[in-house]
Structures are given as C-alpha cells and as structure tokens.
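work25.tsv follows; it contains TSV, C-alpha atoms.
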```tsv
chain	number	residue	atom	x	y	z
C	1	SER	CA	-0.94	-58.61	-113.83
C	2	ILE	CA	2.47	-57.27	-112.89
C	3	GLU	CA	3.31	-60.62	-111.31
C	4	THR	CA	3.46	-62.29	-114.75
C	5	VAL	CA	6.12	-59.93	-116.14
C	6	LYS	CA	7.93	-58.33	-113.19
C	7	ASP	CA	11.00	-60.58	-113.37
C	8	ARG	CA	11.52	-59.70	-117.04
C	9	LEU	CA	11.43	-55.91	-116.62
C	10	PRO	CA	14.88	-54.39	-117.23
C	11	PHE	CA	14.22	-51.43	-114.90
C	12	SER	CA	13.12	-50.73	-111.38
C	13	TYR	CA	9.48	-49.93	-110.76
C	14	THR	CA	6.98	-49.46	-108.01
C	15	HIS	CA	3.66	-51.21	-108.30
C	16	THR	CA	1.21	-49.05	-106.39
C	17	GLY	CA	-1.93	-51.15	-106.69
C	18	PHE	CA	-5.15	-49.20	-106.16
C	19	VAL	CA	-4.52	-45.47	-105.81
C	20	PRO	CA	-7.09	-43.19	-104.16
C	21	MET	CA	-8.23	-40.36	-106.43
C	22	HIS	CA	-6.70	-37.62	-104.26
C	23	MET	CA	-3.24	-39.23	-104.64
C	24	LEU	CA	-3.25	-39.35	-108.45
C	25	PRO	CA	-1.71	-35.90	-109.05
C	26	GLN	CA	1.26	-36.82	-106.86
C	27	LEU	CA	1.83	-40.06	-108.77
C	28	TYR	CA	1.49	-38.45	-112.19
C	29	SER	CA	3.91	-35.70	-111.13
C	30	ALA	CA	6.45	-38.19	-109.79
C	31	ALA	CA	6.44	-40.28	-112.98
C	32	ASP	CA	8.92	-39.73	-115.80
C	33	VAL	CA	6.35	-40.72	-118.42
C	34	TYR	CA	2.75	-41.92	-118.52
C	35	LEU	CA	2.02	-44.84	-120.85
C	36	SER	CA	-1.44	-44.97	-122.39
C	37	PRO	CA	-1.68	-48.25	-124.33
C	38	SER	CA	-5.44	-48.00	-124.84
C	39	VAL	CA	-6.72	-48.64	-128.36
C	40	ASN	CA	-10.45	-48.59	-127.51
C	41	ASP	CA	-10.97	-45.42	-125.49
C	42	ALA	CA	-11.62	-42.04	-127.08
C	43	GLY	CA	-10.06	-40.44	-123.98
C	44	PRO	CA	-8.66	-41.80	-121.94
C	45	SER	CA	-8.91	-39.09	-119.29
C	46	MET	CA	-5.60	-40.23	-117.80
C	47	VAL	CA	-3.80	-38.67	-120.78
C	48	ASN	CA	-5.20	-35.25	-119.86
C	49	GLN	CA	-4.54	-35.85	-116.16
C	50	SER	CA	-0.91	-36.70	-116.84
C	51	ILE	CA	-0.41	-33.69	-119.09
C	52	ALA	CA	-1.99	-31.46	-116.43
C	53	CYS	CA	0.57	-32.75	-113.91
C	54	GLY	CA	3.44	-31.97	-116.28
C	55	THR	CA	4.17	-35.59	-117.17
C	56	PRO	CA	4.77	-36.49	-120.83
C	57	VAL	CA	2.68	-39.27	-122.38
C	58	VAL	CA	3.24	-42.06	-124.88
C	59	ALA	CA	-0.06	-42.96	-126.55
C	60	PHE	CA	-1.55	-44.27	-129.74
C	61	GLU	CA	-2.89	-41.78	-132.31
C	62	MET	CA	-6.50	-41.64	-131.19
C	63	GLY	CA	-8.88	-39.74	-128.96
C	64	THR	CA	-7.56	-36.99	-126.77
C	65	ALA	CA	-3.96	-37.86	-127.58
C	66	LEU	CA	-4.50	-36.29	-130.98
C	67	ASP	CA	-5.45	-33.02	-129.28
C	68	VAL	CA	-2.85	-32.74	-126.53
C	69	ILE	CA	0.13	-34.81	-127.69
C	70	LYS	CA	0.33	-34.97	-131.48
C	71	ASN	CA	2.11	-31.89	-132.86
C	72	HIS	CA	2.87	-30.69	-129.33
C	73	ASN	CA	6.01	-31.22	-127.30
C	74	THR	CA	4.11	-33.16	-124.63
C	75	GLY	CA	5.01	-36.75	-125.42
C	76	VAL	CA	4.86	-39.16	-128.33
C	77	CYS	CA	1.88	-40.26	-130.43
C	78	VAL	CA	2.41	-43.47	-132.37
C	79	PRO	CA	0.38	-45.24	-135.06
C	80	LEU	CA	-2.61	-47.10	-133.65
C	81	GLY	CA	-1.66	-50.61	-132.54
C	82	ASN	CA	2.02	-50.35	-133.50
C	83	VAL	CA	3.70	-51.75	-130.37
C	84	ASP	CA	7.22	-51.32	-131.77
C	85	SER	CA	6.57	-47.59	-132.23
C	86	PHE	CA	5.07	-47.47	-128.74
C	87	ALA	CA	8.25	-49.02	-127.30
C	88	HIS	CA	10.36	-46.57	-129.33
C	89	GLY	CA	8.30	-43.68	-127.90
C	90	ILE	CA	9.02	-44.88	-124.37
C	91	ARG	CA	12.75	-45.07	-125.12
C	92	GLN	CA	12.65	-41.64	-126.74
C	93	ILE	CA	11.21	-39.93	-123.66
C	94	MET	CA	13.35	-41.86	-121.20
C	95	ARG	CA	16.50	-40.96	-123.16
C	96	LEU	CA	15.41	-37.34	-123.20
C	97	ALA	CA	14.94	-37.45	-119.41
C	98	THR	CA	18.39	-38.91	-118.82
C	99	ASP	CA	20.49	-37.47	-121.66
C	100	CYS	CA	18.91	-34.03	-122.21
C	101	PRO	CA	17.45	-32.90	-118.88
C	102	ASP	CA	16.92	-29.32	-120.10
C	103	LYS	CA	14.83	-30.51	-123.06
C	104	TYR	CA	12.94	-32.92	-120.81
C	105	THR	CA	12.21	-30.12	-118.33
C	106	ALA	CA	10.96	-27.99	-121.24
C	107	MET	CA	8.69	-30.87	-122.31
C	108	ARG	CA	7.23	-31.07	-118.80
C	109	ALA	CA	6.59	-27.31	-118.85
C	110	GLU	CA	4.94	-27.62	-122.25
C	111	CYS	CA	2.65	-30.30	-120.83
C	112	ARG	CA	1.38	-27.82	-118.23
C	113	ARG	CA	1.01	-25.08	-120.85
C	114	VAL	CA	-1.02	-27.31	-123.17
C	115	ALA	CA	-3.19	-28.49	-120.26
C	116	GLU	CA	-3.97	-24.87	-119.41
C	117	GLU	CA	-4.66	-24.07	-123.06
C	118	TYR	CA	-7.08	-26.95	-123.52
C	119	HIS	CA	-8.49	-27.68	-120.07
C	120	SER	CA	-8.40	-24.62	-117.85
C	121	TYR	CA	-11.55	-22.84	-116.72
C	122	SER	CA	-10.86	-20.04	-119.20
C	123	ALA	CA	-10.40	-22.58	-122.02
C	124	PHE	CA	-13.74	-24.16	-121.10
C	125	VAL	CA	-15.50	-20.79	-121.06
C	126	SER	CA	-13.95	-19.78	-124.39
C	127	SER	CA	-14.99	-23.07	-125.95
C	128	PHE	CA	-18.52	-22.69	-124.63
C	129	GLU	CA	-18.72	-19.10	-125.90
C	130	ARG	CA	-17.54	-20.18	-129.37
C	131	MET	CA	-20.15	-22.94	-129.39
C	132	MET	CA	-22.92	-20.55	-128.41
C	133	ASN	CA	-21.97	-18.02	-131.08
C	134	ILE	CA	-22.10	-20.70	-133.78
C	135	GLN	CA	-25.73	-21.52	-133.09
```
Output the file's structure as structure tokens, nothing else.
Amino acid sequence: SIETVKDRLPFSYTHTGFVPMHMLPQLYSAADVYLSPSVNDAGPSMVNQSIACGTPVVAFEMGTALDVIKNHNTGVCVPLGNVDSFAHGIRQIMRLATDCPDKYTAMRAECRRVAEEYHSYSAFVSSFERMMNIQ
C-alpha cells in the first residue's frame, strides 16, 4: 500500500485510489510515465492503454512490452526482474521529460503512432486478413 512508503518517496505524487474505467484515458494522458512492474502477466493491457494515450512506459522485457516498447521510442524495456534497470528506466524518461522536452514530446507522439500501428481498427483488420490468408 502507498501508506507504507509514501514518506520515503522523493517526489510529489497523487494517489488516486480506485479509478472508474471512463477516467483512465485522462489519467494515462496526464502522467509523465506509466510503470508496469509486472513479471507474471503476458499483457498487461495497461501497457497498451498507456501507449494509446501517448504516455511512455517502463516495463520488463515480456509480453506486450516486447511488441510496443522494445525497439520503439515509446519507453524503456528492461531485463526481467532487474529492479535496478527498472529504476534507471524511470530516471531516463523523467530526465528526458525535464531536460529534453522536444525529445520527450516526440516520444509521446511515437507512443500514439505505435498504438495506431498495432491496435487501431485497420491494424486489427489487416492482422485478421493476414491470418485468414495463411490458412
């Protein structure tokens, strides 16, 4: 729980608690970075949701992060379970946001582009058509 660590956090934060589904896009869009510390989920879908809202992601090298983050300018993928690399990824994006706002803005735009490439209606139809032609 946030209560166990909040006094040790060296930055300001807002703990939102439960967020209704219709409010998620606003929160993802307002965030500087989305952190996905999951090591047991082939998704998680929140990675794709964050990317679709133009918010870079720090995640471990697994699941959907391999598709939409690794080798894209949409965040940082780090070795599975390496918490030091995860922390470095957070610092890397936060420094980009504060020290290189043009590059950070370009990263946010790339998030949207990658989301459209992988998850738009046309991407879904193209994927389905490719699958049908294979069989």
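From CA of Met94 in chain C back to CA of Ala30 in chain C, the distance works out to 13.8 Å.
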Can you pull out the residues contacting Asp41 in chain C? Cut-off 12 Å, using only C-alpha atoms, and skip same-chain residues under 6 positions away; I want them as a VMD selection string. chain C and resid 47 59 to 65 80
Selected residues written out with C-alpha atoms, as a short mmCIF file (atom, residue, chain, number, x, y, z; two decimals), in the frame of the given file:
```cif
data_model
loop_
_atom_site.label_atom_id
_atom_site.label_comp_id
_atom_site.auth_asym_id
_atom_site.auth_seq_id
_atom_site.Cartn_x
_atom_site.Cartn_y
_atom_site.Cartn_z
CA VAL C 47 -3.80 -38.67 -120.78
CA ALA C 59 -0.06 -42.96 -126.55
CA PHE C 60 -1.55 -44.27 -129.74
CA GLU C 61 -2.89 -41.78 -132.31
CA MET C 62 -6.50 -41.64 -131.19
CA GLY C 63 -8.88 -39.74 -128.96
CA THR C 64 -7.56 -36.99 -126.77
CA ALA C 65 -3.96 -37.86 -127.58
CA LEU C 80 -2.61 -47.10 -133.65
#
```
Between CA of Val78 in chain C and CA of Leu66 in chain C, what is the spacing in Å? 10.1 Å
Between CA of Ile69 in chain C and CA of Asn48 in chain C, what distance in Å does the model show, to one decimal?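 Taking CA of Ile69 in chain C and CA of Asn48 in chain C, their separation equals 9.5 Å.
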First collect every listed atom of range 6-14 of chain C; then fit an axis-aligned box around them, widen it by 3 Å on each side, and give centre and edge lengths in Å to one decimal, as lines of an AutoDock Vina configuration file.
```
center_x = 10.9
center_y = -55.0
center_z = -112.6
size_x = 13.9
size_y = 17.1
size_z = 15.2
```
Spatial neighbours of Thr14 in chain C, 12 Å, only C-alpha atoms, chain gap at least 4 places, as a ChimeraX atom specification: /C:2,6,9,27,30-31
Shell around range 106-108 of chain C at 8 Å using all atoms listed in the file, local window under 3 positions removed, as a count of residues only: 10
Mind checking which residues fall within 9 Å of Gln49 in chain C, counting all atoms listed in the file, ignoring those fewer than 3 positions away in the same chain, and posting them as a PyMOL selection string? chain C and resi 24-25+28+45-46+52-55+115
